[in-house]
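Asks: Got a structure for you, questions after.
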Amino acid sequence: MQRKQLKNAKITLSILFSLIGIALLFYSYFAGIKSNLFNYKNIKLMEQQVLITEALAEVNDTDLEGIYVDPEDDLSADRADNYIGYLEVPDVNIKRGFVSLNSKYNSVGYNVMLIEGSTMPDVKNGNLILAAHRGNSAVSFFDKLYKLSDGAYAYVTYHGKVYKYQLKSRYYENKDGVLTIKRNAEASVLTLITCTRDDKTTQTIFIFELVSVD
């Protein structure tokens with residue numbers, strides 16, 4: 001009789017501990033969901049519309065004839081315009097300068113293009129927006145961006161300082177001349193834009209957030 005009662009007690013305790021374990025697992029799961037929702041709701045999202053005045057496309061060497069001029073890394077010595085900053089994305093071997101908005105060489109036909117509506121890296125919670133072609137031509141500076149993994153780093157050198165950014169998100173927008181940039185309003189951001197691989201109707205937007213300044 002005592003053995004039977006002891007056995008029943010062990011079974012009851014085993015069931016009780018199993019139920020407690022399951023309850024704790026569910027609690028942790030739903031607590032995680034609640035935390036993620038809370039964090040998401042507390043991110044102040046900003047949507048910024050910008051105009052893309054030049055078509056971004058997949059550009060091949062044969063497309064350059066009579067259209068693109070001097071796609072070399074350095075601007076010619078006789079030009080008055082100089083690079084105001086440099087973009088580097090080590091994982092996909094990008095290192096390229098960009099010129100000021102009012103420069104005639106601020107074009108995807110020459111350089112990585114600075115988009116109107118951008119702010120420089122030293123502006124708190126600002127957004128530096130750069131665009132370039134993809135493809136296999138000398139001006140297809142963003143050809144390999146699609147290969148970037150989430151969390152990849154990009155660097156912008158500006159006024160003697162190096163701004164380090166981390167890739168947080170990417171998404172697609174239709175090619176209609178207007179882009180909506182969706183990003184955290186409380187972060188300093190680098191936005192890179194290029195045409196989408198294997199899709200002629202959309203452009204891909206890569207959102208990086210500032211993590212350090214050296």
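Labels used: A, B, ... for chains in the order of the structure tokens, numbers from 1 for residues in each chain, and numbers from 1 for ligands as shown.
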Residues within 12 Å of A:Asp150, please, as a VMD selection string. Count only C-alpha atoms; anything in the same chain fewer than 6 positions from it doesn't count.
Replies: chain A and resid 91 165 to 170 206 to 209
Asks: Quick one: which stretch 145-207 of chain A residues come within 12 Å of stretch 44-55 of chain A, and what is the nearest atom pair for each with the distance in Å to one decimal, counting only C-alpha atoms, rows ordered by chain and ascending number, as JSON lines?
Replies:
```
{"residue": "A:Glu173", "atom": "CA", "partner": "A:Gln49", "partner_atom": "CA", "distance": 11.4}
{"residue": "A:Asn174", "atom": "CA", "partner": "A:Ile52", "partner_atom": "CA", "distance": 11.5}
{"residue": "A:Lys175", "atom": "CA", "partner": "A:Ala55", "partner_atom": "CA", "distance": 8.3}
{"residue": "A:Asp176", "atom": "CA", "partner": "A:Ile52", "partner_atom": "CA", "distance": 8.5}
{"residue": "A:Gly177", "atom": "CA", "partner": "A:Ile52", "partner_atom": "CA", "distance": 5.0}
{"residue": "A:Val178", "atom": "CA", "partner": "A:Leu51", "partner_atom": "CA", "distance": 4.7}
{"residue": "A:Leu179", "atom": "CA", "partner": "A:Val50", "partner_atom": "CA", "distance": 5.4}
{"residue": "A:Thr180", "atom": "CA", "partner": "A:Gln49", "partner_atom": "CA", "distance": 4.4}
{"residue": "A:Ile181", "atom": "CA", "partner": "A:Gln48", "partner_atom": "CA", "distance": 5.0}
{"residue": "A:Lys182", "atom": "CA", "partner": "A:Glu47", "partner_atom": "CA", "distance": 4.6}
{"residue": "A:Arg183", "atom": "CA", "partner": "A:Met46", "partner_atom": "CA", "distance": 5.4}
{"residue": "A:Asn184", "atom": "CA", "partner": "A:Leu45", "partner_atom": "CA", "distance": 4.8}
{"residue": "A:Ala185", "atom": "CA", "partner": "A:Met46", "partner_atom": "CA", "distance": 5.1}
{"residue": "A:Glu186", "atom": "CA", "partner": "A:Lys44", "partner_atom": "CA", "distance": 6.6}
{"residue": "A:Ala187", "atom": "CA", "partner": "A:Lys44", "partner_atom": "CA", "distance": 9.4}
{"residue": "A:Ser188", "atom": "CA", "partner": "A:Met46", "partner_atom": "CA", "distance": 11.8}
{"residue": "A:Val189", "atom": "CA", "partner": "A:Met46", "partner_atom": "CA", "distance": 11.2}
{"residue": "A:Thr191", "atom": "CA", "partner": "A:Gln48", "partner_atom": "CA", "distance": 11.2}
{"residue": "A:Ile193", "atom": "CA", "partner": "A:Ile52", "partner_atom": "CA", "distance": 9.7}
{"residue": "A:Thr194", "atom": "CA", "partner": "A:Ala55", "partner_atom": "CA", "distance": 9.6}
{"residue": "A:Cys195", "atom": "CA", "partner": "A:Ala55", "partner_atom": "CA", "distance": 8.9}
{"residue": "A:Lys200", "atom": "CA", "partner": "A:Ala55", "partner_atom": "CA", "distance": 11.1}
{"residue": "A:Thr201", "atom": "CA", "partner": "A:Ala55", "partner_atom": "CA", "distance": 11.3}
{"residue": "A:Thr202", "atom": "CA", "partner": "A:Ala55", "partner_atom": "CA", "distance": 11.1}
{"residue": "A:Gln203", "atom": "CA", "partner": "A:Ala55", "partner_atom": "CA", "distance": 10.1}
```
Asks: With N, CA and C atoms retained, write the just-selected residues as a compact mmCIF listing (two decimals), in the first residue's frame.
Replies:
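See again_28.txt below for the written result:
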```txt
# COMPACT_ATOMS: atom_id res chain seq x y z
N GLU A 173 11.95 49.03 -53.84
CA GLU A 173 11.03 50.10 -54.24
C GLU A 173 10.90 50.08 -55.76
N ASN A 174 9.71 50.41 -56.25
CA ASN A 174 9.51 50.47 -57.69
C ASN A 174 10.33 51.60 -58.31
N LYS A 175 10.73 51.40 -59.56
CA LYS A 175 11.46 52.43 -60.30
C LYS A 175 10.46 53.42 -60.88
N ASP A 176 10.13 54.44 -60.11
CA ASP A 176 9.20 55.44 -60.61
C ASP A 176 9.72 56.86 -60.37
N GLY A 177 11.02 56.96 -60.03
CA GLY A 177 11.62 58.27 -59.83
C GLY A 177 11.53 58.79 -58.42
N VAL A 178 10.68 58.16 -57.59
CA VAL A 178 10.53 58.59 -56.19
C VAL A 178 10.79 57.38 -55.28
N LEU A 179 11.62 57.59 -54.27
CA LEU A 179 11.90 56.51 -53.32
C LEU A 179 11.48 56.93 -51.92
N THR A 180 10.94 55.99 -51.16
CA THR A 180 10.64 56.22 -49.75
C THR A 180 11.68 55.50 -48.91
N ILE A 181 12.44 56.26 -48.16
CA ILE A 181 13.48 55.68 -47.31
C ILE A 181 12.89 55.48 -45.92
N LYS A 182 12.88 54.23 -45.47
CA LYS A 182 12.30 53.87 -44.18
C LYS A 182 13.44 53.55 -43.21
N ARG A 183 13.54 54.35 -42.14
CA ARG A 183 14.66 54.15 -41.24
C ARG A 183 14.35 54.65 -39.84
N ASN A 184 15.20 54.30 -38.91
CA ASN A 184 15.08 54.72 -37.52
C ASN A 184 15.38 56.21 -37.42
N ALA A 185 14.43 56.98 -36.95
CA ALA A 185 14.59 58.44 -36.86
C ALA A 185 15.60 58.84 -35.80
N GLU A 186 15.91 57.94 -34.88
CA GLU A 186 16.81 58.27 -33.78
C GLU A 186 18.22 57.71 -34.01
N ALA A 187 18.55 57.40 -35.26
CA ALA A 187 19.88 56.90 -35.60
C ALA A 187 20.44 57.71 -36.76
N SER A 188 21.76 57.83 -36.79
CA SER A 188 22.43 58.39 -37.97
C SER A 188 22.56 57.27 -39.00
N VAL A 189 22.17 57.57 -40.23
CA VAL A 189 21.97 56.50 -41.20
C VAL A 189 22.78 56.76 -42.48
N THR A 191 22.37 55.38 -46.39
CA THR A 191 21.47 54.66 -47.30
C THR A 191 22.17 54.49 -48.64
N ILE A 193 21.69 52.91 -52.56
CA ILE A 193 20.62 52.57 -53.50
C ILE A 193 21.21 52.10 -54.81
N THR A 194 20.67 51.01 -55.34
CA THR A 194 21.08 50.54 -56.67
C THR A 194 19.93 49.76 -57.27
N CYS A 195 20.06 49.41 -58.55
CA CYS A 195 19.01 48.61 -59.19
C CYS A 195 19.07 47.18 -58.66
N LYS A 200 14.26 44.30 -63.35
CA LYS A 200 14.42 45.62 -63.96
C LYS A 200 13.38 46.63 -63.49
N THR A 201 12.44 46.19 -62.66
CA THR A 201 11.34 47.08 -62.27
C THR A 201 11.55 47.71 -60.89
N THR A 202 12.52 47.22 -60.12
CA THR A 202 12.70 47.73 -58.75
C THR A 202 14.13 48.16 -58.48
N GLN A 203 14.26 48.90 -57.41
CA GLN A 203 15.56 49.28 -56.87
C GLN A 203 15.67 48.74 -55.44
```
Asks: For each of A:Pro90, A:Val213, A:Gly109, A:Lys95, take the minimum atom-to-atom distance to A:Leu148, counting only C-alpha atoms, then give the residue where this is smallest.
Replies: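 Looking at the shortest contact to A:Leu148, the residue is A:Pro90.
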Asks: Using only C-alpha atoms, find the one residue out of A:Val211, A:Leu128, A:His133, A:Leu101 that sits nearest to A:Leu145.
Replies: A:His133
Asks: Rounded to one decimal place, report the atom CA of A:Val162-atom CA of A:Phe142 distance in Å.
Replies: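 Computing the Euclidean distance for atom CA of A:Val162 and atom CA of A:Phe142 yields 20.3 Å.
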Asks: Neighbours of A:Met113 within 7 Å (only C-alpha atoms; same-chain residues fewer than 4 positions away dropped), as a PyMOL selection string?
Replies: chain A and resi 98+106-108+130-132
Asks: Report, in Å with one decimal, the straight-line distance from atom CA of A:Asn127 to atom CA of A:Arg197.
Replies: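 Atom CA of A:Asn127 sits 24.2 Å away from atom CA of A:Arg197.
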